[in-house]
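**Q** Structure file my_file_2.cif, mmCIF, N, CA, C and O atoms, is pasted below:
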data_protein
#
loop_
_atom_site.group_PDB
_atom_site.id
_atom_site.type_symbol
_atom_site.label_atom_id
_atom_site.label_comp_id
_atom_site.auth_asym_id
_atom_site.auth_seq_id
_atom_site.Cartn_x
_atom_site.Cartn_y
_atom_site.Cartn_z
ATOM 1 N N MET A 4 72.391 -18.131 -52.973
ATOM 2 C CA MET A 4 71.807 -19.464 -52.930
ATOM 3 C C MET A 4 70.304 -19.328 -52.732
ATOM 4 O O MET A 4 69.837 -18.475 -51.996
ATOM 5 N N ALA A 5 69.541 -20.178 -53.365
ATOM 6 C CA ALA A 5 68.077 -20.153 -53.267
ATOM 7 C C ALA A 5 67.638 -20.629 -51.889
ATOM 8 O O ALA A 5 68.392 -21.250 -51.145
ATOM 9 N N ASP A 6 66.395 -20.296 -51.556
ATOM 10 C CA ASP A 6 65.845 -20.768 -50.275
ATOM 11 C C ASP A 6 65.797 -22.286 -50.261
ATOM 12 O O ASP A 6 65.425 -22.922 -51.246
ATOM 13 N N VAL A 7 66.155 -22.854 -49.133
ATOM 14 C CA VAL A 7 66.142 -24.303 -48.982
ATOM 15 C C VAL A 7 64.745 -24.718 -48.538
ATOM 16 O O VAL A 7 64.264 -24.285 -47.499
ATOM 17 N N THR A 8 64.084 -25.522 -49.356
ATOM 18 C CA THR A 8 62.745 -25.987 -49.028
ATOM 19 C C THR A 8 62.786 -27.316 -48.305
ATOM 20 O O THR A 8 62.053 -27.551 -47.368
ATOM 21 N N VAL A 9 63.680 -28.198 -48.726
ATOM 22 C CA VAL A 9 63.831 -29.522 -48.122
ATOM 23 C C VAL A 9 65.277 -29.659 -47.689
ATOM 24 O O VAL A 9 66.198 -29.343 -48.440
ATOM 25 N N ARG A 10 65.448 -30.154 -46.472
ATOM 26 C CA ARG A 10 66.801 -30.330 -45.955
ATOM 27 C C ARG A 10 66.917 -31.733 -45.363
ATOM 28 O O ARG A 10 66.048 -32.164 -44.614
ATOM 29 N N VAL A 11 67.961 -32.452 -45.692
ATOM 30 C CA VAL A 11 68.233 -33.780 -45.140
ATOM 31 C C VAL A 11 68.982 -33.574 -43.837
ATOM 32 O O VAL A 11 70.069 -32.990 -43.818
ATOM 33 N N LEU A 12 68.396 -34.028 -42.723
ATOM 34 C CA LEU A 12 68.997 -33.802 -41.420
ATOM 35 C C LEU A 12 69.928 -34.931 -40.997
ATOM 36 O O LEU A 12 70.880 -34.696 -40.259
ATOM 37 N N ARG A 13 69.635 -36.150 -41.410
ATOM 38 C CA ARG A 13 70.488 -37.287 -41.020
ATOM 39 C C ARG A 13 70.777 -38.145 -42.233
ATOM 40 O O ARG A 13 69.941 -38.294 -43.111
ATOM 41 N N GLY A 14 71.939 -38.716 -42.246
ATOM 42 C CA GLY A 14 72.321 -39.620 -43.323
ATOM 43 C C GLY A 14 72.852 -38.860 -44.518
ATOM 44 O O GLY A 14 72.958 -37.638 -44.524
ATOM 45 N N SER A 15 73.215 -39.623 -45.503
ATOM 46 C CA SER A 15 73.715 -39.022 -46.739
ATOM 47 C C SER A 15 73.055 -39.745 -47.904
ATOM 48 O O SER A 15 73.565 -40.765 -48.384
ATOM 49 N N PRO A 16 71.915 -39.242 -48.352
ATOM 50 C CA PRO A 16 71.210 -39.913 -49.449
ATOM 51 C C PRO A 16 71.969 -39.775 -50.755
ATOM 52 O O PRO A 16 72.654 -38.789 -51.000
ATOM 53 N N GLY A 17 71.815 -40.772 -51.570
ATOM 54 C CA GLY A 17 72.442 -40.755 -52.889
ATOM 55 C C GLY A 17 71.618 -39.922 -53.861
ATOM 56 O O GLY A 17 70.528 -39.435 -53.547
ATOM 57 N N ASP A 18 72.162 -39.769 -55.056
ATOM 58 C CA ASP A 18 71.469 -38.977 -56.064
ATOM 59 C C ASP A 18 70.119 -39.584 -56.433
ATOM 60 O O ASP A 18 69.142 -38.870 -56.645
ATOM 61 N N ASP A 19 70.066 -40.924 -56.516
ATOM 62 C CA ASP A 19 68.803 -41.568 -56.870
ATOM 63 C C ASP A 19 67.755 -41.409 -55.769
ATOM 64 O O ASP A 19 66.570 -41.246 -56.045
ATOM 65 N N GLU A 20 68.165 -41.436 -54.518
ATOM 66 C CA GLU A 20 67.219 -41.234 -53.408
ATOM 67 C C GLU A 20 66.703 -39.800 -53.373
ATOM 68 O O GLU A 20 65.520 -39.562 -53.142
ATOM 69 N N LEU A 21 67.572 -38.840 -53.623
ATOM 70 C CA LEU A 21 67.131 -37.445 -53.680
ATOM 71 C C LEU A 21 66.192 -37.221 -54.864
ATOM 72 O O LEU A 21 65.201 -36.488 -54.747
ATOM 73 N N ALA A 22 66.474 -37.859 -55.980
ATOM 74 C CA ALA A 22 65.604 -37.726 -57.145
ATOM 75 C C ALA A 22 64.226 -38.315 -56.857
ATOM 76 O O ALA A 22 63.201 -37.746 -57.248
ATOM 77 N N ALA A 23 64.185 -39.452 -56.152
ATOM 78 C CA ALA A 23 62.909 -40.056 -55.801
ATOM 79 C C ALA A 23 62.122 -39.143 -54.850
ATOM 80 O O ALA A 23 60.907 -38.972 -54.995
ATOM 81 N N LEU A 24 62.808 -38.539 -53.896
ATOM 82 C CA LEU A 24 62.155 -37.624 -52.962
ATOM 83 C C LEU A 24 61.598 -36.411 -53.696
ATOM 84 O O LEU A 24 60.455 -36.000 -53.469
ATOM 85 N N VAL A 25 62.353 -35.844 -54.585
ATOM 86 C CA VAL A 25 61.898 -34.685 -55.353
ATOM 87 C C VAL A 25 60.712 -35.069 -56.233
ATOM 88 O O VAL A 25 59.752 -34.306 -56.367
ATOM 89 N N ALA A 26 60.729 -36.267 -56.804
ATOM 90 C CA ALA A 26 59.615 -36.715 -57.645
ATOM 91 C C ALA A 26 58.337 -36.854 -56.831
ATOM 92 O O ALA A 26 57.255 -36.430 -57.265
ATOM 93 N N VAL A 27 58.436 -37.421 -55.647
ATOM 94 C CA VAL A 27 57.256 -37.587 -54.791
ATOM 95 C C VAL A 27 56.721 -36.232 -54.348
ATOM 96 O O VAL A 27 55.512 -35.970 -54.405
ATOM 97 N N LEU A 28 57.595 -35.333 -53.924
ATOM 98 C CA LEU A 28 57.148 -34.013 -53.485
ATOM 99 C C LEU A 28 56.547 -33.215 -54.641
ATOM 100 O O LEU A 28 55.570 -32.494 -54.462
ATOM 101 N N SER A 29 57.093 -33.363 -55.832
ATOM 102 C CA SER A 29 56.538 -32.679 -57.001
ATOM 103 C C SER A 29 55.159 -33.213 -57.346
ATOM 104 O O SER A 29 54.261 -32.454 -57.701
ATOM 105 N N ALA A 30 55.002 -34.530 -57.244
ATOM 106 C CA ALA A 30 53.694 -35.130 -57.536
ATOM 107 C C ALA A 30 52.660 -34.675 -56.520
ATOM 108 O O ALA A 30 51.501 -34.411 -56.871
ATOM 109 N N LEU A 31 53.048 -34.578 -55.264
ATOM 110 C CA LEU A 31 52.108 -34.113 -54.241
ATOM 111 C C LEU A 31 51.737 -32.648 -54.461
ATOM 112 O O LEU A 31 50.596 -32.250 -54.256
ATOM 113 N N GLY A 32 52.688 -31.855 -54.885
ATOM 114 C CA GLY A 32 52.416 -30.444 -55.116
ATOM 115 C C GLY A 32 51.569 -30.206 -56.351
ATOM 116 O O GLY A 32 50.827 -29.229 -56.429
ATOM 117 N N ALA A 33 51.648 -31.093 -57.329
ATOM 118 C CA ALA A 33 50.898 -30.923 -58.572
ATOM 119 C C ALA A 33 49.526 -31.582 -58.517
ATOM 120 O O ALA A 33 48.730 -31.393 -59.429
ATOM 121 N N ALA A 34 49.247 -32.353 -57.482
ATOM 122 C CA ALA A 34 47.961 -33.046 -57.378
ATOM 123 C C ALA A 34 46.839 -32.023 -57.238
ATOM 124 O O ALA A 34 46.983 -31.019 -56.535
ATOM 125 N N PRO A 35 45.717 -32.252 -57.917
ATOM 126 C CA PRO A 35 44.602 -31.313 -57.799
ATOM 127 C C PRO A 35 44.023 -31.341 -56.385
ATOM 128 O O PRO A 35 43.922 -32.393 -55.751
ATOM 129 N N ARG A 36 43.681 -30.181 -55.919
ATOM 130 C CA ARG A 36 43.089 -30.075 -54.580
ATOM 131 C C ARG A 36 41.601 -30.364 -54.690
ATOM 132 O O ARG A 36 40.909 -29.829 -55.547
ATOM 133 N N THR A 37 41.122 -31.216 -53.826
ATOM 134 C CA THR A 37 39.698 -31.511 -53.816
ATOM 135 C C THR A 37 39.041 -30.712 -52.697
ATOM 136 O O THR A 37 39.636 -30.501 -51.644
ATOM 137 N N ALA A 38 37.846 -30.281 -52.953
ATOM 138 C CA ALA A 38 37.111 -29.516 -51.952
ATOM 139 C C ALA A 38 36.663 -30.463 -50.841
ATOM 140 O O ALA A 38 36.353 -31.629 -51.089
ATOM 141 N N PRO A 39 36.636 -29.986 -49.612
ATOM 142 C CA PRO A 39 36.155 -30.851 -48.532
ATOM 143 C C PRO A 39 34.683 -31.200 -48.753
ATOM 144 O O PRO A 39 33.945 -30.409 -49.356
ATOM 145 N N PRO A 40 34.271 -32.374 -48.321
ATOM 146 C CA PRO A 40 32.879 -32.773 -48.550
ATOM 147 C C PRO A 40 31.919 -31.818 -47.848
ATOM 148 O O PRO A 40 32.155 -31.387 -46.719
ATOM 149 N N GLN A 41 30.853 -31.483 -48.552
ATOM 150 C CA GLN A 41 29.845 -30.588 -48.000
ATOM 151 C C GLN A 41 28.869 -31.398 -47.154
ATOM 152 O O GLN A 41 28.505 -32.517 -47.516
ATOM 153 N N PRO A 42 28.419 -30.854 -46.028
ATOM 154 C CA PRO A 42 27.437 -31.577 -45.228
ATOM 155 C C PRO A 42 26.120 -31.687 -45.987
ATOM 156 O O PRO A 42 25.807 -30.843 -46.834
ATOM 157 N N ALA A 43 25.391 -32.730 -45.693
ATOM 158 C CA ALA A 43 24.106 -32.942 -46.352
ATOM 159 C C ALA A 43 23.154 -31.810 -45.961
ATOM 160 O O ALA A 43 23.195 -31.312 -44.839
ATOM 161 N N PRO A 44 22.314 -31.389 -46.892
ATOM 162 C CA PRO A 44 21.371 -30.323 -46.542
ATOM 163 C C PRO A 44 20.425 -30.805 -45.435
ATOM 164 O O PRO A 44 20.010 -31.961 -45.412
ATOM 165 N N SER A 45 20.124 -29.911 -44.543
ATOM 166 C CA SER A 45 19.271 -30.310 -43.419
ATOM 167 C C SER A 45 17.824 -30.431 -43.883
ATOM 168 O O SER A 45 17.354 -29.677 -44.726
ATOM 169 N N ARG A 46 17.156 -31.403 -43.325
ATOM 170 C CA ARG A 46 15.748 -31.626 -43.630
ATOM 171 C C ARG A 46 14.954 -31.433 -42.347
ATOM 172 O O ARG A 46 15.449 -31.707 -41.252
ATOM 173 N N PRO A 47 13.742 -31.001 -42.457
ATOM 174 C CA PRO A 47 12.937 -30.901 -41.244
ATOM 175 C C PRO A 47 12.684 -32.295 -40.682
ATOM 176 O O PRO A 47 12.492 -33.255 -41.434
ATOM 177 N N ARG A 48 12.733 -32.396 -39.388
ATOM 178 C CA ARG A 48 12.498 -33.692 -38.756
ATOM 179 C C ARG A 48 11.032 -34.063 -38.866
ATOM 180 O O ARG A 48 10.163 -33.201 -38.753
ATOM 181 N N PRO A 49 10.762 -35.337 -39.056
ATOM 182 C CA PRO A 49 9.351 -35.736 -39.105
ATOM 183 C C PRO A 49 8.719 -35.570 -37.723
ATOM 184 O O PRO A 49 9.385 -35.675 -36.691
ATOM 185 N N VAL A 50 7.447 -35.295 -37.728
ATOM 186 C CA VAL A 50 6.729 -35.126 -36.463
ATOM 187 C C VAL A 50 6.569 -36.494 -35.825
ATOM 188 O O VAL A 50 6.071 -37.436 -36.445
ATOM 189 N N LEU A 51 7.036 -36.616 -34.595
ATOM 190 C CA LEU A 51 6.916 -37.881 -33.884
ATOM 191 C C LEU A 51 5.484 -38.067 -33.399
ATOM 192 O O LEU A 51 4.685 -37.142 -33.407
ATOM 193 N N PHE A 52 5.211 -39.250 -32.973
ATOM 194 C CA PHE A 52 3.876 -39.552 -32.487
ATOM 195 C C PHE A 52 3.521 -38.623 -31.331
ATOM 196 O O PHE A 52 4.297 -38.426 -30.418
ATOM 197 N N GLN A 53 2.349 -38.056 -31.407
ATOM 198 C CA GLN A 53 1.870 -37.199 -30.327
ATOM 199 C C GLN A 53 0.624 -37.839 -29.740
ATOM 200 O O GLN A 53 -0.333 -38.137 -30.457
ATOM 201 N N ALA A 54 0.653 -38.025 -28.456
ATOM 202 C CA ALA A 54 -0.487 -38.649 -27.783
ATOM 203 C C ALA A 54 -1.681 -37.700 -27.810
ATOM 204 O O ALA A 54 -1.538 -36.481 -27.902
ATOM 205 N N ALA A 55 -2.836 -38.296 -27.717
ATOM 206 C CA ALA A 55 -4.062 -37.491 -27.704
ATOM 207 C C ALA A 55 -4.085 -36.623 -26.447
ATOM 208 O O ALA A 55 -3.523 -36.971 -25.413
ATOM 209 N N THR A 56 -4.729 -35.504 -26.553
ATOM 210 C CA THR A 56 -4.793 -34.597 -25.396
ATOM 211 C C THR A 56 -6.220 -34.498 -24.859
ATOM 212 O O THR A 56 -6.646 -33.458 -24.393
ATOM 213 N N SER A 57 -6.924 -35.606 -24.956
ATOM 214 C CA SER A 57 -8.298 -35.586 -24.441
ATOM 215 C C SER A 57 -8.293 -35.796 -22.933
ATOM 216 O O SER A 57 -7.255 -35.967 -22.305
ATOM 217 N N TRP A 58 -9.426 -35.824 -22.335
ATOM 218 C CA TRP A 58 -9.556 -35.980 -20.891
ATOM 219 C C TRP A 58 -9.099 -37.371 -20.442
ATOM 220 O O TRP A 58 -8.791 -37.577 -19.271
ATOM 221 N N ARG A 59 -8.992 -38.358 -21.369
ATOM 222 C CA ARG A 59 -8.584 -39.698 -20.985
ATOM 223 C C ARG A 59 -7.062 -39.856 -20.890
ATOM 224 O O ARG A 59 -6.576 -40.762 -20.243
ATOM 225 N N SER A 60 -6.312 -38.995 -21.530
ATOM 226 C CA SER A 60 -4.860 -39.162 -21.492
ATOM 227 C C SER A 60 -4.328 -38.735 -20.147
ATOM 228 O O SER A 60 -4.883 -37.859 -19.485
ATOM 229 N N PRO A 61 -3.238 -39.346 -19.669
ATOM 230 C CA PRO A 61 -2.705 -39.032 -18.340
ATOM 231 C C PRO A 61 -2.054 -37.655 -18.242
ATOM 232 O O PRO A 61 -1.729 -37.220 -17.155
ATOM 233 N N ARG A 62 -1.892 -36.958 -19.307
ATOM 234 C CA ARG A 62 -1.268 -35.637 -19.207
ATOM 235 C C ARG A 62 -2.239 -34.594 -18.795
ATOM 236 O O ARG A 62 -3.274 -34.349 -19.154
#
Please lay out the structure from this file as structure tokens.
**A**
Amino acid sequence: MADVTVRVLRGSPGDDELAALVAVLSALGAAPRTAPPQPAPSRPRPVLFQAATSWRSPR
């Protein structure tokens, strides 16, 4: 017997329900895989305002 990939644990599904389950699982398995989104390239931060460093500034 082949390896069991899907097993029904409760209930007794009919042939049409099993066919629907197999169709959904087949569609999911055949769907193209998309790459995860790449983060945006980092940009240098703009220089924030810098106070004057003359003798009048409190620093």
**Q** Going by DSSP on the backbone, which residues of range 13-51 of chain A come out as alpha helix (DSSP H)? List them as a VMD selection string.
**A** chain A and resid 18 to 33
**Q** Mind pulling up the distance from atom N of Ala33 in chain A to atom C of Asp19 in chain A?
**A** 19.2 Å
**Q** Up to 12 Å from (63.0, -36.0, -49.7) in the file's coordinates: name the residues, counting only C-alpha atoms, as JSON, numbers by chain.
**A** {"A": [8, 9, 10, 11, 12, 13, 14, 15, 16, 17, 18, 19, 20, 21, 22, 23, 24, 25, 26, 27, 28, 29, 31]}
**Q** For range 25-28 of chain A, take all atoms listed in the file, fit an axis-aligned box around them, add 4 Å to each of the six sides, then output centre and edge lengths in Å rounded to one decimal, as JSON.
**A**
{"center_x": 58.9, "center_y": -35.0, "center_z": -55.6, "size_x": 14.8, "size_y": 13.1, "size_z": 12.2}
**Q** At what distance in Å, to one decimal, does atom O of Ala30 in chain A lie from atom O of Pro42 in chain A?
**A**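 Value for the atom O of Pro42 in chain A-atom O of Ala30 in chain A distance: 27.8 Å.
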**Q** Any chance you could model all heavy atoms for range 13-24 of chain A and send them as a PDB file, in the frame of the given file?
**A**
ATOM      1  N   ARG A  13      69.635 -36.150 -41.410  1.00  0.00           N
ATOM      2  CA  ARG A  13      70.488 -37.287 -41.020  1.00  0.00           C
ATOM      3  C   ARG A  13      70.777 -38.145 -42.233  1.00  0.00           C
ATOM      4  O   ARG A  13      69.941 -38.294 -43.111  1.00  0.00           O
ATOM      5  CB  ARG A  13      69.771 -38.143 -39.975  1.00  0.00           C
ATOM      6  CG  ARG A  13      69.618 -37.443 -38.669  1.00  0.00           C
ATOM      7  CD  ARG A  13      69.042 -38.370 -37.642  1.00  0.00           C
ATOM      8  NE  ARG A  13      68.793 -37.642 -36.416  1.00  0.00           N
ATOM      9  CZ  ARG A  13      68.304 -38.161 -35.337  1.00  0.00           C
ATOM     10  NH1 ARG A  13      67.992 -39.438 -35.316  1.00  0.00           N
ATOM     11  NH2 ARG A  13      68.111 -37.445 -34.275  1.00  0.00           N
ATOM     12  N   GLY A  14      71.939 -38.716 -42.246  1.00  0.00           N
ATOM     13  CA  GLY A  14      72.321 -39.620 -43.323  1.00  0.00           C
ATOM     14  C   GLY A  14      72.852 -38.860 -44.518  1.00  0.00           C
ATOM     15  O   GLY A  14      72.958 -37.638 -44.524  1.00  0.00           O
ATOM     16  N   SER A  15      73.215 -39.623 -45.503  1.00  0.00           N
ATOM     17  CA  SER A  15      73.715 -39.022 -46.739  1.00  0.00           C
ATOM     18  C   SER A  15      73.055 -39.745 -47.904  1.00  0.00           C
ATOM     19  O   SER A  15      73.565 -40.765 -48.384  1.00  0.00           O
ATOM     20  CB  SER A  15      75.234 -39.128 -46.812  1.00  0.00           C
ATOM     21  OG  SER A  15      75.633 -40.475 -46.666  1.00  0.00           O
ATOM     22  N   PRO A  16      71.915 -39.242 -48.352  1.00  0.00           N
ATOM     23  CA  PRO A  16      71.210 -39.913 -49.449  1.00  0.00           C
ATOM     24  C   PRO A  16      71.969 -39.775 -50.755  1.00  0.00           C
ATOM     25  O   PRO A  16      72.654 -38.789 -51.000  1.00  0.00           O
ATOM     26  CB  PRO A  16      69.871 -39.179 -49.517  1.00  0.00           C
ATOM     27  CG  PRO A  16      70.153 -37.844 -48.931  1.00  0.00           C
ATOM     28  CD  PRO A  16      71.211 -38.052 -47.894  1.00  0.00           C
ATOM     29  N   GLY A  17      71.815 -40.772 -51.570  1.00  0.00           N
ATOM     30  CA  GLY A  17      72.442 -40.755 -52.889  1.00  0.00           C
ATOM     31  C   GLY A  17      71.618 -39.922 -53.861  1.00  0.00           C
ATOM     32  O   GLY A  17      70.528 -39.435 -53.547  1.00  0.00           O
ATOM     33  N   ASP A  18      72.162 -39.769 -55.056  1.00  0.00           N
ATOM     34  CA  ASP A  18      71.469 -38.977 -56.064  1.00  0.00           C
ATOM     35  C   ASP A  18      70.119 -39.584 -56.433  1.00  0.00           C
ATOM     36  O   ASP A  18      69.142 -38.870 -56.645  1.00  0.00           O
ATOM     37  CB  ASP A  18      72.333 -38.847 -57.321  1.00  0.00           C
ATOM     38  CG  ASP A  18      73.540 -37.944 -57.090  1.00  0.00           C
ATOM     39  OD1 ASP A  18      73.496 -37.130 -56.135  1.00  0.00           O
ATOM     40  OD2 ASP A  18      74.514 -38.052 -57.857  1.00  0.00           O
ATOM     41  N   ASP A  19      70.066 -40.924 -56.516  1.00  0.00           N
ATOM     42  CA  ASP A  19      68.803 -41.568 -56.870  1.00  0.00           C
ATOM     43  C   ASP A  19      67.755 -41.409 -55.769  1.00  0.00           C
ATOM     44  O   ASP A  19      66.570 -41.246 -56.045  1.00  0.00           O
ATOM     45  CB  ASP A  19      69.021 -43.040 -57.215  1.00  0.00           C
ATOM     46  CG  ASP A  19      69.704 -43.810 -56.081  1.00  0.00           C
ATOM     47  OD1 ASP A  19      70.321 -43.159 -55.217  1.00  0.00           O
ATOM     48  OD2 ASP A  19      69.614 -45.055 -56.080  1.00  0.00           O
ATOM     49  N   GLU A  20      68.165 -41.436 -54.518  1.00  0.00           N
ATOM     50  CA  GLU A  20      67.219 -41.234 -53.408  1.00  0.00           C
ATOM     51  C   GLU A  20      66.703 -39.800 -53.373  1.00  0.00           C
ATOM     52  O   GLU A  20      65.520 -39.562 -53.142  1.00  0.00           O
ATOM     53  CB  GLU A  20      67.889 -41.590 -52.081  1.00  0.00           C
ATOM     54  CG  GLU A  20      68.200 -43.071 -51.946  1.00  0.00           C
ATOM     55  CD  GLU A  20      69.041 -43.384 -50.720  1.00  0.00           C
ATOM     56  OE1 GLU A  20      69.846 -42.535 -50.313  1.00  0.00           O
ATOM     57  OE2 GLU A  20      68.863 -44.497 -50.194  1.00  0.00           O
ATOM     58  N   LEU A  21      67.572 -38.840 -53.623  1.00  0.00           N
ATOM     59  CA  LEU A  21      67.131 -37.445 -53.680  1.00  0.00           C
ATOM     60  C   LEU A  21      66.192 -37.221 -54.864  1.00  0.00           C
ATOM     61  O   LEU A  21      65.201 -36.488 -54.747  1.00  0.00           O
ATOM     62  CB  LEU A  21      68.332 -36.511 -53.771  1.00  0.00           C
ATOM     63  CG  LEU A  21      69.140 -36.341 -52.492  1.00  0.00           C
ATOM     64  CD1 LEU A  21      70.351 -35.461 -52.753  1.00  0.00           C
ATOM     65  CD2 LEU A  21      68.290 -35.755 -51.390  1.00  0.00           C
ATOM     66  N   ALA A  22      66.474 -37.859 -55.980  1.00  0.00           N
ATOM     67  CA  ALA A  22      65.604 -37.726 -57.145  1.00  0.00           C
ATOM     68  C   ALA A  22      64.226 -38.315 -56.857  1.00  0.00           C
ATOM     69  O   ALA A  22      63.201 -37.746 -57.248  1.00  0.00           O
ATOM     70  CB  ALA A  22      66.240 -38.409 -58.348  1.00  0.00           C
ATOM     71  N   ALA A  23      64.185 -39.452 -56.152  1.00  0.00           N
ATOM     72  CA  ALA A  23      62.909 -40.056 -55.801  1.00  0.00           C
ATOM     73  C   ALA A  23      62.122 -39.143 -54.850  1.00  0.00           C
ATOM     74  O   ALA A  23      60.907 -38.972 -54.995  1.00  0.00           O
ATOM     75  CB  ALA A  23      63.130 -41.422 -55.163  1.00  0.00           C
ATOM     76  N   LEU A  24      62.808 -38.539 -53.896  1.00  0.00           N
ATOM     77  CA  LEU A  24      62.155 -37.624 -52.962  1.00  0.00           C
ATOM     78  C   LEU A  24      61.598 -36.411 -53.696  1.00  0.00           C
ATOM     79  O   LEU A  24      60.455 -36.000 -53.469  1.00  0.00           O
ATOM     80  CB  LEU A  24      63.143 -37.185 -51.882  1.00  0.00           C
ATOM     81  CG  LEU A  24      62.612 -36.175 -50.867  1.00  0.00           C
ATOM     82  CD1 LEU A  24      61.472 -36.767 -50.069  1.00  0.00           C
ATOM     83  CD2 LEU A  24      63.731 -35.707 -49.962  1.00  0.00           C
TER      84      LEU A  24
END
